[in-house]
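Report on the structure given below.
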Amino acid sequence: MIQIYHNPRCGKSRNCLAFIKESEKEFEVINYLDNVPTFEELKTIIQKLNFEPLTLVRQKEKIWIENFKNKTMTNDEIIQAMVTYPILIERPIVIKGDKAIIGRVLDNVNDFI
């Protein structure tokens, strides 16, 4: 089953969700701002993305700039920051099995699902 970590206030996330709905494949929507992933869940997602944790951070968010920018942080500290402030998580994340992508480009989503 496909999972999408979705933020309904984000246009790219809404577009990705609509695209997945049109694919008629089975999927689950996770509104990660209301259902915040745990530290371990987020760590697993990052492994599926094959990213360094910082790559998943929305570094232009005010919270990041005011609290974390230019600080030396471990990967675990970066993950914890995203758990504490889930708005920092880049979206949408599309997961299928043991792989994941950031679903901002619909052509990539099409190839992935």
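By order in the structure tokens, chains are A, B, ...; within a chain, residues start at 1; ligands start at 1, following the order shown.
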Check: Taking the backbone alone, and naming residues the way the document does, which bits of chain A are strand (DSSP E) by DSSP, as a PyMOL selection string?
Finding: chain A and resi 2-6+27-31+93-96+99-102
Next item on the list: Do a neighbour search on Phe112 in chain A at 12 Å with only C-alpha atoms, toss out local chain neighbours closer than 4 positions, and write the hits as number ranges by chain.
Entry: A: 2, 20, 23, 93-103, 105-108
Output file for the selection above: N, CA, C and O atoms, as an mmCIF file, in the first residue's frame:
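Once written, part37.cif looks like this:
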data_model
loop_
_atom_site.group_PDB
_atom_site.id
_atom_site.type_symbol
_atom_site.label_atom_id
_atom_site.label_comp_id
_atom_site.auth_asym_id
_atom_site.auth_seq_id
_atom_site.Cartn_x
_atom_site.Cartn_y
_atom_site.Cartn_z
ATOM 1 N N ILE A 2 0.437 2.253 -0.724
ATOM 2 C CA ILE A 2 1.126 3.537 -0.783
ATOM 3 C C ILE A 2 0.692 4.372 0.411
ATOM 4 O O ILE A 2 -0.483 4.380 0.790
ATOM 5 N N ILE A 20 -2.294 10.752 -6.780
ATOM 6 C CA ILE A 20 -2.353 9.382 -6.262
ATOM 7 C C ILE A 20 -3.799 8.875 -6.291
ATOM 8 O O ILE A 20 -4.044 7.727 -6.652
ATOM 9 N N SER A 23 -4.710 7.673 -9.616
ATOM 10 C CA SER A 23 -4.034 6.437 -10.034
ATOM 11 C C SER A 23 -4.867 5.201 -9.714
ATOM 12 O O SER A 23 -4.592 4.114 -10.223
ATOM 13 N N ILE A 93 5.651 13.268 1.432
ATOM 14 C CA ILE A 93 6.488 12.067 1.368
ATOM 15 C C ILE A 93 5.594 10.927 0.905
ATOM 16 O O ILE A 93 4.533 10.697 1.480
ATOM 17 N N VAL A 94 6.028 10.243 -0.140
ATOM 18 C CA VAL A 94 5.283 9.103 -0.666
ATOM 19 C C VAL A 94 6.104 7.858 -0.381
ATOM 20 O O VAL A 94 7.277 7.780 -0.742
ATOM 21 N N ILE A 95 5.471 6.879 0.283
ATOM 22 C CA ILE A 95 6.153 5.650 0.677
ATOM 23 C C ILE A 95 5.482 4.471 -0.007
ATOM 24 O O ILE A 95 4.256 4.378 -0.036
ATOM 25 N N LYS A 96 6.310 3.591 -0.528
ATOM 26 C CA LYS A 96 5.830 2.341 -1.122
ATOM 27 C C LYS A 96 6.830 1.264 -0.735
ATOM 28 O O LYS A 96 7.978 1.276 -1.197
ATOM 29 N N GLY A 97 6.393 0.375 0.154
ATOM 30 C CA GLY A 97 7.287 -0.690 0.608
ATOM 31 C C GLY A 97 8.461 -0.132 1.379
ATOM 32 O O GLY A 97 8.295 0.643 2.317
ATOM 33 N N ASP A 98 9.664 -0.481 0.936
ATOM 34 C CA ASP A 98 10.860 -0.037 1.659
ATOM 35 C C ASP A 98 11.541 1.153 0.985
ATOM 36 O O ASP A 98 12.696 1.453 1.262
ATOM 37 N N LYS A 99 10.807 1.846 0.122
ATOM 38 C CA LYS A 99 11.338 3.024 -0.578
ATOM 39 C C LYS A 99 10.401 4.203 -0.360
ATOM 40 O O LYS A 99 9.202 4.041 -0.125
ATOM 41 N N ALA A 100 10.953 5.404 -0.484
ATOM 42 C CA ALA A 100 10.158 6.619 -0.344
ATOM 43 C C ALA A 100 10.755 7.716 -1.216
ATOM 44 O O ALA A 100 11.953 7.683 -1.546
ATOM 45 N N ILE A 101 9.906 8.673 -1.592
ATOM 46 C CA ILE A 101 10.355 9.852 -2.325
ATOM 47 C C ILE A 101 9.627 11.076 -1.780
ATOM 48 O O ILE A 101 8.595 10.962 -1.133
ATOM 49 N N ILE A 102 10.177 12.240 -2.091
ATOM 50 C CA ILE A 102 9.458 13.484 -1.872
ATOM 51 C C ILE A 102 8.630 13.697 -3.131
ATOM 52 O O ILE A 102 9.156 13.719 -4.235
ATOM 53 N N GLY A 103 7.324 13.829 -2.973
ATOM 54 C CA GLY A 103 6.408 13.841 -4.100
ATOM 55 C C GLY A 103 6.076 15.212 -4.651
ATOM 56 O O GLY A 103 4.940 15.457 -5.030
ATOM 57 N N VAL A 105 7.344 16.536 -7.428
ATOM 58 C CA VAL A 105 7.329 16.483 -8.895
ATOM 59 C C VAL A 105 6.471 15.283 -9.300
ATOM 60 O O VAL A 105 6.828 14.131 -9.035
ATOM 61 N N LEU A 106 5.337 15.559 -9.944
ATOM 62 C CA LEU A 106 4.373 14.489 -10.232
ATOM 63 C C LEU A 106 4.924 13.447 -11.186
ATOM 64 O O LEU A 106 4.541 12.276 -11.086
ATOM 65 N N ASP A 107 5.805 13.807 -12.090
ATOM 66 C CA ASP A 107 6.426 12.803 -12.970
ATOM 67 C C ASP A 107 7.203 11.775 -12.144
ATOM 68 O O ASP A 107 7.175 10.587 -12.439
ATOM 69 N N ASN A 108 7.866 12.239 -11.103
ATOM 70 C CA ASN A 108 8.597 11.332 -10.231
ATOM 71 C C ASN A 108 7.635 10.424 -9.462
ATOM 72 O O ASN A 108 7.908 9.239 -9.264
#
Item checked: helix (DSSP H, G or I) residues, from DSSP on the backbone, in chain A, as a ChimeraX atom specification -> /A:11-23,39-49,53-56,62-67,75-84,86-88,106-112
Excluding Asp34 in chain A and any residue of its chain fewer than 3 positions from it, enumerate the residues within 10 Å of it, using only C-alpha atoms, and give them as a short mmCIF file (atom, residue, chain, number, x, y, z; two decimals) with all heavy atoms, in the first residue's frame.
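Below is the file around37.cif, written as the result:
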data_model
loop_
_atom_site.label_atom_id
_atom_site.label_comp_id
_atom_site.auth_asym_id
_atom_site.auth_seq_id
_atom_site.Cartn_x
_atom_site.Cartn_y
_atom_site.Cartn_z
N ASN A 7 0.32 17.37 3.97
CA ASN A 7 -0.06 18.61 4.65
C ASN A 7 -1.12 19.27 3.77
O ASN A 7 -0.81 19.76 2.69
CB ASN A 7 1.14 19.53 4.81
CG ASN A 7 0.78 20.86 5.45
OD1 ASN A 7 -0.38 21.20 5.61
ND2 ASN A 7 1.80 21.62 5.81
N ILE A 30 -1.60 10.22 5.62
CA ILE A 30 -1.18 10.53 6.99
C ILE A 30 -0.96 12.03 7.06
O ILE A 30 -0.04 12.56 6.43
CB ILE A 30 0.10 9.76 7.38
CG1 ILE A 30 -0.15 8.26 7.27
CG2 ILE A 30 0.56 10.16 8.78
CD1 ILE A 30 1.09 7.42 7.20
N ASN A 31 -1.83 12.71 7.78
CA ASN A 31 -1.67 14.15 7.99
C ASN A 31 -0.64 14.29 9.12
O ASN A 31 -0.99 14.23 10.30
CB ASN A 31 -3.00 14.80 8.35
CG ASN A 31 -2.88 16.29 8.50
OD1 ASN A 31 -1.80 16.84 8.72
ND2 ASN A 31 -4.00 16.98 8.39
N PRO A 37 4.87 11.80 13.29
CA PRO A 37 5.63 10.56 13.41
C PRO A 37 6.53 10.58 14.65
O PRO A 37 7.03 11.64 15.04
CB PRO A 37 6.46 10.50 12.12
CG PRO A 37 6.43 11.87 11.54
CD PRO A 37 5.24 12.57 12.11
N PRO A 86 6.90 19.44 13.52
CA PRO A 86 6.67 18.69 12.28
C PRO A 86 6.52 19.56 11.03
O PRO A 86 6.68 19.07 9.92
CB PRO A 86 5.41 17.87 12.57
CG PRO A 86 4.77 18.54 13.71
CD PRO A 86 5.86 19.19 14.51
#
Item checked: CA of Ile87 in chain A to CA of Arg58 in chain A, distance in Å rounded to a single decimal -> 7.9 Å
Item checked: Residues near Glu41 in chain A, cut-off 12 Å, only C-alpha atoms, skip fewer than 6 positions along chain, as a list in words -> Tyr5, Tyr32, Asn35, Gln47, Lys48, Ile79, Gln80, Met82 and Val83 of chain A
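The spacing separating CA of Glu52 in chain A from CA of Lys69 in chain A amounts to 16.2 Å.
Nearest-residue note for Thr72 in chain A: choosing from A:Val109, A:Leu42, A:Leu54, A:Leu49, the minimum distance belongs to A:Leu54, counting only C-alpha atoms.
Atom pair CA of Ser13 in chain A / CA of Pro92 in chain A: separated by 4.9 Å.
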